[in-house]
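What follows is the content of protein24.pdb (PDB, C-alpha atoms).
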```pdb
ATOM      1  CA  MET E   1       9.156  42.020  34.469
ATOM      2  CA  GLN E   2       8.012  43.881  31.371
ATOM      3  CA  PHE E   3       9.959  41.370  29.224
ATOM      4  CA  LYS E   4       8.142  38.444  30.875
ATOM      5  CA  ARG E   5       4.750  40.061  30.307
ATOM      6  CA  THR E   6       5.647  40.688  26.639
ATOM      7  CA  LEU E   7       6.812  37.091  26.187
ATOM      8  CA  VAL E   8       3.615  35.724  27.750
ATOM      9  CA  THR E   9       1.551  37.977  25.504
ATOM     10  CA  LEU E  10       3.420  36.834  22.390
ATOM     11  CA  LEU E  11       3.013  33.189  23.346
ATOM     12  CA  ALA E  12      -0.695  33.692  23.957
ATOM     13  CA  VAL E  13      -1.126  35.448  20.605
ATOM     14  CA  GLY E  14       0.844  32.699  18.843
ATOM     15  CA  THR E  15      -1.218  29.957  20.473
ATOM     16  CA  ALA E  16      -4.455  31.711  19.590
ATOM     17  CA  ALA E  17      -3.282  32.172  15.986
ATOM     18  CA  LEU E  18      -2.340  28.491  15.738
ATOM     19  CA  ALA E  19      -5.694  27.410  17.138
ATOM     20  CA  HIS E  20      -7.458  29.722  14.702
ATOM     21  CA  ALA E  21      -5.425  28.333  11.789
ATOM     22  CA  GLN E  22      -6.229  24.754  12.803
ATOM     23  CA  GLY E  23      -9.888  25.636  13.138
ATOM     24  CA  ASN E  24      -9.915  26.976   9.578
ATOM     25  CA  TRP E  25      -7.901  24.097   8.167
ATOM     26  CA  PRO E  26      -7.537  23.482   5.285
ATOM     27  CA  THR E  27      -6.990  26.825   3.581
ATOM     28  CA  LYS E  28      -4.972  25.512   0.627
ATOM     29  CA  PRO E  29      -4.507  22.274  -1.357
ATOM     30  CA  ILE E  30      -3.358  19.159   0.504
ATOM     31  CA  THR E  31      -0.678  16.811  -0.803
ATOM     32  CA  LEU E  32      -1.148  13.057  -0.525
ATOM     33  CA  VAL E  33       2.212  11.381  -1.140
ATOM     34  CA  VAL E  34       2.179   8.018  -2.922
ATOM     35  CA  PRO E  35       5.339   5.881  -2.811
ATOM     36  CA  PHE E  36       4.828   4.175  -6.162
ATOM     37  CA  ALA E  37       4.331   5.029  -9.815
ATOM     38  CA  ALA E  38       1.251   6.702 -11.250
ATOM     39  CA  GLY E  39      -1.221   4.153 -12.544
ATOM     40  CA  GLY E  40      -0.217   1.491 -10.012
ATOM     41  CA  PRO E  41      -2.663   0.009  -7.493
ATOM     42  CA  THR E  42      -1.739   2.248  -4.540
ATOM     43  CA  ASP E  43      -1.938   5.265  -6.840
ATOM     44  CA  VAL E  44      -5.428   4.192  -7.977
ATOM     45  CA  VAL E  45      -6.599   3.958  -4.362
ATOM     46  CA  ALA E  46      -5.034   7.335  -3.517
ATOM     47  CA  ARG E  47      -6.566   9.167  -6.477
ATOM     48  CA  THR E  48     -10.003   7.642  -5.928
ATOM     49  CA  LEU E  49      -9.991   8.638  -2.263
ATOM     50  CA  GLY E  50      -8.408  12.021  -2.979
ATOM     51  CA  ALA E  51     -11.122  13.010  -5.434
ATOM     52  CA  SER E  52     -13.805  12.265  -2.850
ATOM     53  CA  MET E  53     -11.922  13.852   0.076
ATOM     54  CA  THR E  54     -11.631  17.015  -1.988
ATOM     55  CA  LYS E  55     -15.401  17.341  -1.727
ATOM     56  CA  ALA E  56     -15.392  16.721   2.022
ATOM     57  CA  LEU E  57     -12.511  19.102   2.791
ATOM     58  CA  GLY E  58     -13.302  21.920   0.390
ATOM     59  CA  GLN E  59      -9.711  21.906  -0.864
ATOM     60  CA  THR E  60      -8.035  19.914  -3.615
ATOM     61  CA  VAL E  61      -6.176  16.779  -2.572
ATOM     62  CA  ILE E  62      -3.168  16.551  -4.860
ATOM     63  CA  VAL E  63      -1.522  13.159  -5.355
ATOM     64  CA  GLU E  64       2.269  13.336  -5.566
ATOM     65  CA  ASN E  65       4.220  10.243  -6.600
ATOM     66  CA  LYS E  66       7.660   9.867  -4.994
ATOM     67  CA  LEU E  67       9.316   6.672  -6.147
ATOM     68  CA  GLY E  68      12.229   4.642  -4.864
ATOM     69  CA  ALA E  69      13.528   2.076  -2.382
ATOM     70  CA  GLY E  70      10.278   0.134  -2.054
ATOM     71  CA  GLY E  71       8.425   3.175  -0.723
ATOM     72  CA  ASN E  72      11.153   4.404   1.624
ATOM     73  CA  VAL E  73      11.938   7.552  -0.373
ATOM     74  CA  ALA E  74       8.342   8.708   0.028
ATOM     75  CA  ALA E  75       8.140   7.580   3.667
ATOM     76  CA  ALA E  76      11.307   9.495   4.573
ATOM     77  CA  TYR E  77      10.006  12.566   2.743
ATOM     78  CA  ALA E  78       6.667  12.422   4.546
ATOM     79  CA  ALA E  79       8.311  11.869   7.935
ATOM     80  CA  LYS E  80      10.376  15.035   7.509
ATOM     81  CA  ALA E  81       7.645  17.193   5.940
ATOM     82  CA  PRO E  82       6.238  20.135   7.932
ATOM     83  CA  ALA E  83       3.615  18.964  10.416
ATOM     84  CA  ASP E  84       1.199  21.668   9.277
ATOM     85  CA  GLY E  85      -1.595  19.479   7.948
ATOM     86  CA  TYR E  86      -0.787  19.875   4.272
ATOM     87  CA  THR E  87       1.249  16.719   3.721
ATOM     88  CA  PHE E  88      -0.156  13.219   4.179
ATOM     89  CA  PHE E  89       1.180   9.843   3.143
ATOM     90  CA  ILE E  90      -0.514   6.654   1.958
ATOM     91  CA  HIS E  91       1.323   3.342   2.041
ATOM     92  CA  HIS E  92       0.508  -0.344   2.065
ATOM     93  CA  ASN E  93       2.074  -3.320   3.890
ATOM     94  CA  GLY E  94       5.497  -2.013   2.882
ATOM     95  CA  MET E  95       5.262   0.416   5.781
ATOM     96  CA  ALA E  96       5.656  -2.630   8.036
ATOM     97  CA  THR E  97       7.972  -4.821   5.999
ATOM     98  CA  SER E  98      10.630  -2.177   5.374
ATOM     99  CA  THR E  99      11.652  -2.323   9.025
ATOM    100  CA  ALA E 100      12.915  -5.874   8.460
ATOM    101  CA  LEU E 101      14.028  -5.578   4.835
ATOM    102  CA  TYR E 102      16.280  -2.544   5.255
ATOM    103  CA  ARG E 103      19.198  -2.492   7.668
ATOM    104  CA  LYS E 104      19.153   1.309   7.807
ATOM    105  CA  LEU E 105      16.133   3.578   7.546
ATOM    106  CA  SER E 106      16.092   7.341   7.956
ATOM    107  CA  TYR E 107      12.703   7.174   9.671
ATOM    108  CA  ASP E 108      10.943   5.066  12.287
ATOM    109  CA  ALA E 109       7.616   3.722  11.024
ATOM    110  CA  LEU E 110       6.166   3.526  14.537
ATOM    111  CA  LYS E 111       7.480   6.808  15.938
ATOM    112  CA  ASP E 112       7.768   9.370  13.137
ATOM    113  CA  PHE E 113       4.140   9.566  12.031
ATOM    114  CA  GLU E 114       0.661  10.406  13.220
ATOM    115  CA  TYR E 115      -1.889   7.773  12.265
ATOM    116  CA  VAL E 116      -4.961   8.867  10.327
ATOM    117  CA  SER E 117      -6.899   5.854   9.067
ATOM    118  CA  GLN E 118      -6.801   2.523   7.346
ATOM    119  CA  ALA E 119      -8.660   2.650   4.039
ATOM    120  CA  VAL E 120      -9.067  -0.449   1.889
ATOM    121  CA  GLU E 121      -7.849  -4.023   1.749
ATOM    122  CA  VAL E 122      -7.007  -5.526  -1.624
ATOM    123  CA  PRO E 123      -6.475  -9.148  -2.702
ATOM    124  CA  MET E 124      -3.445 -10.102  -4.773
ATOM    125  CA  THR E 125      -3.511 -12.170  -7.949
ATOM    126  CA  LEU E 126      -0.859 -14.487  -9.393
ATOM    127  CA  LEU E 127      -0.436 -13.801 -13.103
ATOM    128  CA  ALA E 128       1.682 -14.602 -16.134
ATOM    129  CA  ARG E 129       2.077 -13.077 -19.562
ATOM    130  CA  LYS E 130      -0.655 -13.969 -22.037
ATOM    131  CA  ASP E 131       1.459 -16.458 -23.998
ATOM    132  CA  PHE E 132       3.007 -18.221 -20.984
ATOM    133  CA  PRO E 133       2.921 -22.007 -21.579
ATOM    134  CA  ALA E 134       1.015 -22.973 -18.399
ATOM    135  CA  ASN E 135      -2.784 -22.767 -18.621
ATOM    136  CA  ASN E 136      -3.696 -23.495 -14.994
ATOM    137  CA  PHE E 137      -2.069 -23.445 -11.586
ATOM    138  CA  GLN E 138      -0.893 -27.062 -11.556
ATOM    139  CA  GLU E 139       0.667 -26.588 -14.995
ATOM    140  CA  LEU E 140       2.272 -23.395 -13.715
ATOM    141  CA  VAL E 141       3.931 -25.161 -10.792
ATOM    142  CA  THR E 142       5.173 -27.996 -13.007
ATOM    143  CA  TYR E 143       6.503 -25.660 -15.668
ATOM    144  CA  VAL E 144       8.160 -23.274 -13.220
ATOM    145  CA  LYS E 145       9.921 -26.106 -11.396
ATOM    146  CA  ALA E 146      11.223 -27.506 -14.677
ATOM    147  CA  ASN E 147      12.312 -24.146 -16.108
ATOM    148  CA  LYS E 148      13.142 -22.053 -13.030
ATOM    149  CA  GLU E 149      16.484 -20.843 -14.418
ATOM    150  CA  LYS E 150      14.755 -19.278 -17.428
ATOM    151  CA  ILE E 151      11.769 -17.646 -15.705
ATOM    152  CA  ASN E 152      11.721 -14.134 -14.274
ATOM    153  CA  LEU E 153       9.392 -12.602 -11.709
ATOM    154  CA  ALA E 154       8.415  -8.935 -11.972
ATOM    155  CA  THR E 155       8.100  -6.949  -8.740
ATOM    156  CA  ALA E 156       7.759  -3.359  -7.589
ATOM    157  CA  GLY E 157      11.109  -3.666  -5.797
ATOM    158  CA  LEU E 158      12.409  -4.815  -2.454
ATOM    159  CA  GLY E 159       9.767  -4.468   0.223
ATOM    160  CA  ALA E 160       6.818  -4.089  -2.130
ATOM    161  CA  VAL E 161       3.933  -6.468  -1.510
ATOM    162  CA  SER E 162       4.371  -7.812  -5.036
ATOM    163  CA  GLN E 163       7.897  -8.857  -4.072
ATOM    164  CA  LEU E 164       6.772 -10.419  -0.789
ATOM    165  CA  CYS E 165       3.961 -12.311  -2.514
ATOM    166  CA  GLY E 166       6.407 -13.539  -5.127
ATOM    167  CA  MET E 167       8.855 -14.570  -2.418
ATOM    168  CA  MET E 168       6.136 -16.553  -0.636
ATOM    169  CA  PHE E 169       5.182 -18.266  -3.910
ATOM    170  CA  GLN E 170       8.800 -19.261  -4.574
ATOM    171  CA  ARG E 171       9.192 -20.627  -1.058
ATOM    172  CA  ALA E 172       5.896 -22.493  -1.279
ATOM    173  CA  ILE E 173       6.889 -24.445  -4.418
ATOM    174  CA  GLY E 174      10.609 -24.631  -3.632
ATOM    175  CA  VAL E 175      12.184 -22.591  -6.432
ATOM    176  CA  THR E 176      14.282 -19.463  -6.835
ATOM    177  CA  LEU E 177      13.424 -17.237  -9.778
ATOM    178  CA  THR E 178      15.181 -14.215 -11.232
ATOM    179  CA  GLU E 179      13.445 -11.143  -9.803
ATOM    180  CA  VAL E 180      13.109  -8.057 -12.001
ATOM    181  CA  PRO E 181      12.349  -4.934  -9.918
ATOM    182  CA  PHE E 182      10.408  -1.981 -11.307
ATOM    183  CA  GLN E 183       9.487   1.413  -9.875
ATOM    184  CA  GLY E 184       5.997   0.220  -9.052
ATOM    185  CA  THR E 185       3.710  -2.479 -10.408
ATOM    186  CA  GLY E 186       2.329  -0.080 -13.028
ATOM    187  CA  PRO E 187       5.567  -0.334 -15.061
ATOM    188  CA  ALA E 188       5.818  -4.033 -14.131
ATOM    189  CA  MET E 189       2.358  -4.667 -15.561
ATOM    190  CA  ASN E 190       3.324  -2.876 -18.761
ATOM    191  CA  ALA E 191       6.327  -5.186 -19.050
ATOM    192  CA  LEU E 192       4.119  -8.231 -18.455
ATOM    193  CA  LEU E 193       1.669  -7.071 -21.126
ATOM    194  CA  GLY E 194       4.582  -6.540 -23.483
ATOM    195  CA  GLY E 195       5.986  -9.998 -22.829
ATOM    196  CA  GLN E 196       9.264  -8.728 -21.347
ATOM    197  CA  VAL E 197       8.646 -10.553 -18.028
ATOM    198  CA  ASP E 198       6.993 -13.861 -17.233
ATOM    199  CA  VAL E 199       5.198 -13.900 -13.887
ATOM    200  CA  MET E 200       4.083 -11.437 -11.224
ATOM    201  CA  CYS E 201       1.835 -10.915  -8.200
ATOM    202  CA  ASP E 202      -0.282  -7.773  -8.200
ATOM    203  CA  GLN E 203      -3.350  -6.241  -6.619
ATOM    204  CA  THR E 204      -6.808  -6.620  -8.111
ATOM    205  CA  THR E 205      -7.067  -2.823  -8.284
ATOM    206  CA  GLN E 206      -4.706  -3.056 -11.241
ATOM    207  CA  THR E 207      -5.183  -6.565 -12.578
ATOM    208  CA  VAL E 208      -8.962  -7.007 -12.875
ATOM    209  CA  PRO E 209      -9.272  -5.004 -16.127
ATOM    210  CA  GLN E 210      -6.381  -6.953 -17.679
ATOM    211  CA  ILE E 211      -7.776 -10.299 -16.487
ATOM    212  CA  LYS E 212     -11.245  -9.570 -17.834
ATOM    213  CA  ALA E 213      -9.752  -8.419 -21.145
ATOM    214  CA  GLY E 214      -7.783 -11.656 -21.445
ATOM    215  CA  SER E 215      -4.498  -9.735 -21.622
ATOM    216  CA  VAL E 216      -2.844 -11.880 -18.922
ATOM    217  CA  LYS E 217      -3.191 -15.401 -17.524
ATOM    218  CA  LEU E 218      -4.638 -15.701 -14.016
ATOM    219  CA  TYR E 219      -3.694 -18.631 -11.778
ATOM    220  CA  GLY E 220      -5.397 -17.689  -8.532
ATOM    221  CA  VAL E 221      -6.077 -15.143  -5.807
ATOM    222  CA  THR E 222      -4.176 -14.815  -2.534
ATOM    223  CA  THR E 223      -7.083 -14.501  -0.102
ATOM    224  CA  LYS E 224      -8.597 -17.194   2.125
ATOM    225  CA  ASP E 225     -11.867 -16.956   0.217
ATOM    226  CA  ARG E 226     -12.636 -16.252  -3.406
ATOM    227  CA  VAL E 227     -13.241 -12.616  -4.315
ATOM    228  CA  LYS E 228     -16.563 -11.548  -5.741
ATOM    229  CA  VAL E 229     -15.077  -9.525  -8.599
ATOM    230  CA  LEU E 230     -13.376 -12.742  -9.851
ATOM    231  CA  PRO E 231     -15.828 -15.441  -8.702
ATOM    232  CA  ASN E 232     -14.383 -18.173 -10.916
ATOM    233  CA  ALA E 233     -10.798 -17.651  -9.777
ATOM    234  CA  PRO E 234      -9.754 -20.232  -7.170
ATOM    235  CA  THR E 235      -7.560 -19.252  -4.251
ATOM    236  CA  LEU E 236      -3.968 -20.448  -4.170
ATOM    237  CA  ALA E 237      -4.728 -22.129  -0.854
ATOM    238  CA  GLU E 238      -7.491 -24.282  -2.324
ATOM    239  CA  GLN E 239      -5.107 -25.281  -5.122
ATOM    240  CA  GLY E 240      -2.534 -26.680  -2.748
ATOM    241  CA  LEU E 241      -0.590 -23.785  -1.220
ATOM    242  CA  LYS E 242      -1.725 -24.292   2.360
ATOM    243  CA  ASP E 243      -2.203 -21.119   4.436
ATOM    244  CA  PHE E 244      -1.104 -18.934   1.507
ATOM    245  CA  GLU E 245      -2.647 -15.533   2.178
ATOM    246  CA  VAL E 246      -1.503 -12.063   1.181
ATOM    247  CA  VAL E 247      -3.884  -9.134   1.547
ATOM    248  CA  VAL E 248      -2.756  -5.604   0.821
ATOM    249  CA  TRP E 249      -3.901  -2.995   3.333
ATOM    250  CA  HIS E 250      -3.526   0.744   2.852
ATOM    251  CA  GLY E 251      -3.034   3.245   5.664
ATOM    252  CA  ILE E 252      -2.892   7.039   5.679
ATOM    253  CA  TYR E 253      -0.341   8.874   7.847
ATOM    254  CA  ALA E 254       0.798  12.407   8.659
ATOM    255  CA  PRO E 255       4.156  13.746   9.862
ATOM    256  CA  LYS E 256       4.675  13.445  13.610
ATOM    257  CA  GLY E 257       3.371  16.520  15.409
ATOM    258  CA  THR E 258       0.514  17.232  12.998
ATOM    259  CA  PRO E 259      -2.209  18.759  15.240
ATOM    260  CA  LYS E 260      -4.788  16.318  16.524
ATOM    261  CA  ALA E 261      -7.625  18.537  15.306
ATOM    262  CA  VAL E 262      -6.239  18.270  11.774
ATOM    263  CA  VAL E 263      -5.724  14.507  12.020
ATOM    264  CA  ASP E 264      -9.274  14.099  13.305
ATOM    265  CA  ARG E 265     -10.737  16.114  10.461
ATOM    266  CA  MET E 266      -8.670  14.224   7.896
ATOM    267  CA  ASN E 267      -9.881  10.984   9.450
ATOM    268  CA  ALA E 268     -13.466  12.210   9.063
ATOM    269  CA  ALA E 269     -12.751  13.048   5.401
ATOM    270  CA  VAL E 270     -11.388   9.540   4.789
ATOM    271  CA  ARG E 271     -14.459   8.009   6.434
ATOM    272  CA  ALA E 272     -16.736  10.185   4.307
ATOM    273  CA  ALA E 273     -14.858   9.110   1.176
ATOM    274  CA  LEU E 274     -15.244   5.452   2.080
ATOM    275  CA  ARG E 275     -19.022   5.962   2.282
ATOM    276  CA  ASP E 276     -19.131   7.854  -1.029
ATOM    277  CA  PRO E 277     -21.178   5.726  -3.490
ATOM    278  CA  ASP E 278     -18.742   6.545  -6.298
ATOM    279  CA  VAL E 279     -15.792   5.329  -4.216
ATOM    280  CA  VAL E 280     -17.675   2.235  -3.066
ATOM    281  CA  LYS E 281     -18.532   1.304  -6.662
ATOM    282  CA  ARG E 282     -15.010   1.985  -7.916
ATOM    283  CA  MET E 283     -13.429  -0.135  -5.186
ATOM    284  CA  ASP E 284     -16.014  -2.876  -5.668
ATOM    285  CA  ASP E 285     -15.300  -2.984  -9.409
ATOM    286  CA  LEU E 286     -11.590  -3.375  -8.681
ATOM    287  CA  GLY E 287     -11.967  -6.031  -6.002
ATOM    288  CA  ALA E 288     -10.899  -3.753  -3.152
ATOM    289  CA  GLU E 289     -12.702  -4.126   0.156
ATOM    290  CA  ILE E 290     -13.523  -1.045   2.208
ATOM    291  CA  VAL E 291     -12.645  -1.767   5.808
ATOM    292  CA  PRO E 292     -15.280  -1.467   8.553
ATOM    293  CA  ASP E 293     -15.523   1.630  10.763
ATOM    294  CA  ALA E 294     -13.743  -0.135  13.623
ATOM    295  CA  LYS E 295     -10.553  -0.198  11.519
ATOM    296  CA  ASN E 296     -10.832   3.421  10.411
ATOM    297  CA  THR E 297      -9.392   4.972  13.556
ATOM    298  CA  PRO E 298      -5.847   6.215  14.187
ATOM    299  CA  GLU E 299      -5.531   3.761  17.060
ATOM    300  CA  ALA E 300      -6.573   0.794  14.900
ATOM    301  CA  LEU E 301      -4.025   1.712  12.214
ATOM    302  CA  HIS E 302      -1.279   1.900  14.835
ATOM    303  CA  VAL E 303      -2.210  -1.539  16.193
ATOM    304  CA  LEU E 304      -2.317  -2.972  12.662
ATOM    305  CA  LEU E 305       1.097  -1.572  11.739
ATOM    306  CA  LYS E 306       2.687  -2.988  14.890
ATOM    307  CA  SER E 307       1.116  -6.411  14.329
ATOM    308  CA  GLU E 308       2.244  -6.476  10.687
ATOM    309  CA  ILE E 309       5.815  -5.607  11.671
ATOM    310  CA  ASP E 310       5.744  -8.531  14.098
ATOM    311  CA  LYS E 311       4.187 -10.841  11.476
ATOM    312  CA  TRP E 312       6.453 -10.139   8.515
ATOM    313  CA  GLY E 313       9.771  -9.750  10.318
ATOM    314  CA  PRO E 314      10.417 -13.490  10.788
ATOM    315  CA  VAL E 315       9.243 -14.297   7.229
ATOM    316  CA  ILE E 316      11.571 -11.740   5.697
ATOM    317  CA  ARG E 317      14.551 -12.699   7.813
ATOM    318  CA  ALA E 318      14.017 -16.339   6.842
ATOM    319  CA  GLY E 319      14.027 -15.282   3.179
ATOM    320  CA  GLY E 320      17.413 -13.642   3.636
ATOM    321  CA  LYS E 321      16.777 -10.602   1.408
ATOM    322  CA  PHE E 322      17.975  -7.334   2.847
ATOM    323  CA  ALA E 323      19.093  -3.940   1.605
ATOM    324  CA  ASP E 324      21.262  -1.256   3.154
TER     325      ASP E 324
END
```

Render the structure in this file as structure tokens.
Amino acid sequence: MQFKRTLVTLLAVGTAALAHAQGNWPTKPITLVVPFAAGGPTDVVARTLGASMTKALGQTVIVENKLGAGGNVAAAYAAKAPADGYTFFIHHNGMATSTALYRKLSYDALKDFEYVSQAVEVPMTLLARKDFPANNFQELVTYVKANKEKINLATAGLGAVSQLCGMMFQRAIGVTLTEVPFQGTGPAMNALLGGQVDVMCDQTTQTVPQIKAGSVKLYGVTTKDRVKVLPNAPTLAEQGLKDFEVVVWHGIYAPKGTPKAVVDRMNAAVRAALRDPDVVKRMDDLGAEIVPDAKNTPEALHVLLKSEIDKWGPVIRAGGKFAD
């Protein structure tokens, strides 16, 4: 009987201590894991948000880049991290597409995470190196079809949105190009600028400065409508690629079991960051669109992820590109 009373007391003390700790959260720096290289578009979004969330949370948000396997190395790491509120994970559409691209994953995208918030949506751009022979989209299609064996396509690896966008472009014009994978589109962009690769798809968060500087050739944007940061750039759809649309969305996750109170406060910090004038201006300058409040809930992110898994699965399986 004494043992039972002692056990109940210990459990009560432990529960009270946990509640107290959650109430005081955060008491130390928070890590935001990014699955791609520093300087890439997802990294830019993460660091911009992290700097603002630091103000809202009163603790530093540290960005940690964990590269590999199209984001799966970072996703697996985040899924297995302690659910104590000090590890979060930001990923784009690859969170959904990996379930179809990889035959074996060490995590379940729908079951192994708590959902925090969607953040921003970013258009993609179709680019080529500065000295590529084609000067407009129609010339690009003609040249690529005539020289497909000699042209390479830079990507951030299997499952990255850059790879999926490139795959859709190849299917749309009926060619197969040599794909050159990099550990993120940051290194891929450097290769494009250096003339080591020919063509790539990438997010406006990385490409706008290069486009405006004339360092690359732009052939179009991947959204249904033109984007205000590049008003003179036609969409690929209006240039003949019917229904061609690729928009990159970014979601923030936590390891499964992270306390709801912590998730809720992190969600509030994300929302505050998305209203921060400095963040709004930065995203606007880079062509990123801050999503409305209705999409900034854990429930909305879960619904989005499930719908994207359902959307991309058939496309990927039809493309026949898989990894173990």

Explicit residue set for the PyMOL selection byres ((chain E and resi 216-231) around 10), as number ranges by chain | E: 122-140, 165, 189, 192-193, 195, 199, 201-204, 207-215, 232-239, 241-248, 284-289

State, in Å with one decimal place, the distance from atom CA of E:Thr31 to atom CA of E:Lys281.
->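 Computing it gives 24.4 Å between the two atoms.
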
Between E:Asn93, E:Thr155, E:Gln163, E:Thr42, smallest distance to E:Phe182 by all atoms listed in the file belongs to E:Thr155

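Counting from atom CA of E:Pro298, the distance to atom CA of E:Arg47 is 20.9 Å.
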
Write out as a VMD selection string each polymer residue whose atoms come within 12 Å of E:Pro277, counting all atoms listed in the file; drop sequence neighbours fewer than 3 positions from it.
-> chain E and resid 48 to 49 52 272 to 274 280 to 284 290

Apply the PyMOL selection byres ((chain E and resi 67-78) around 8) to the file shown and report the selected residues as a PyMOL selection string.
-> chain E and resi 33-37+65-66+79-81+87-89+91+94-95+98+105-107+156-160+183-184+254-255

Would you work out the distance separating atom CA of E:Gly50 from atom CA of E:Val63, expressed in Å to one decimal?
->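 Taking atom CA of E:Gly50 as the start and atom CA of E:Val63 as the end point, the length is 7.4 Å.
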
Nearest to E:Leu304 among E:Ile173, E:Ile90, E:Leu110, E:Ala38, with distances taken over all atoms listed in the file: which residue is it?
->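 For E:Leu304, the nearest of the given residues is E:Leu110.
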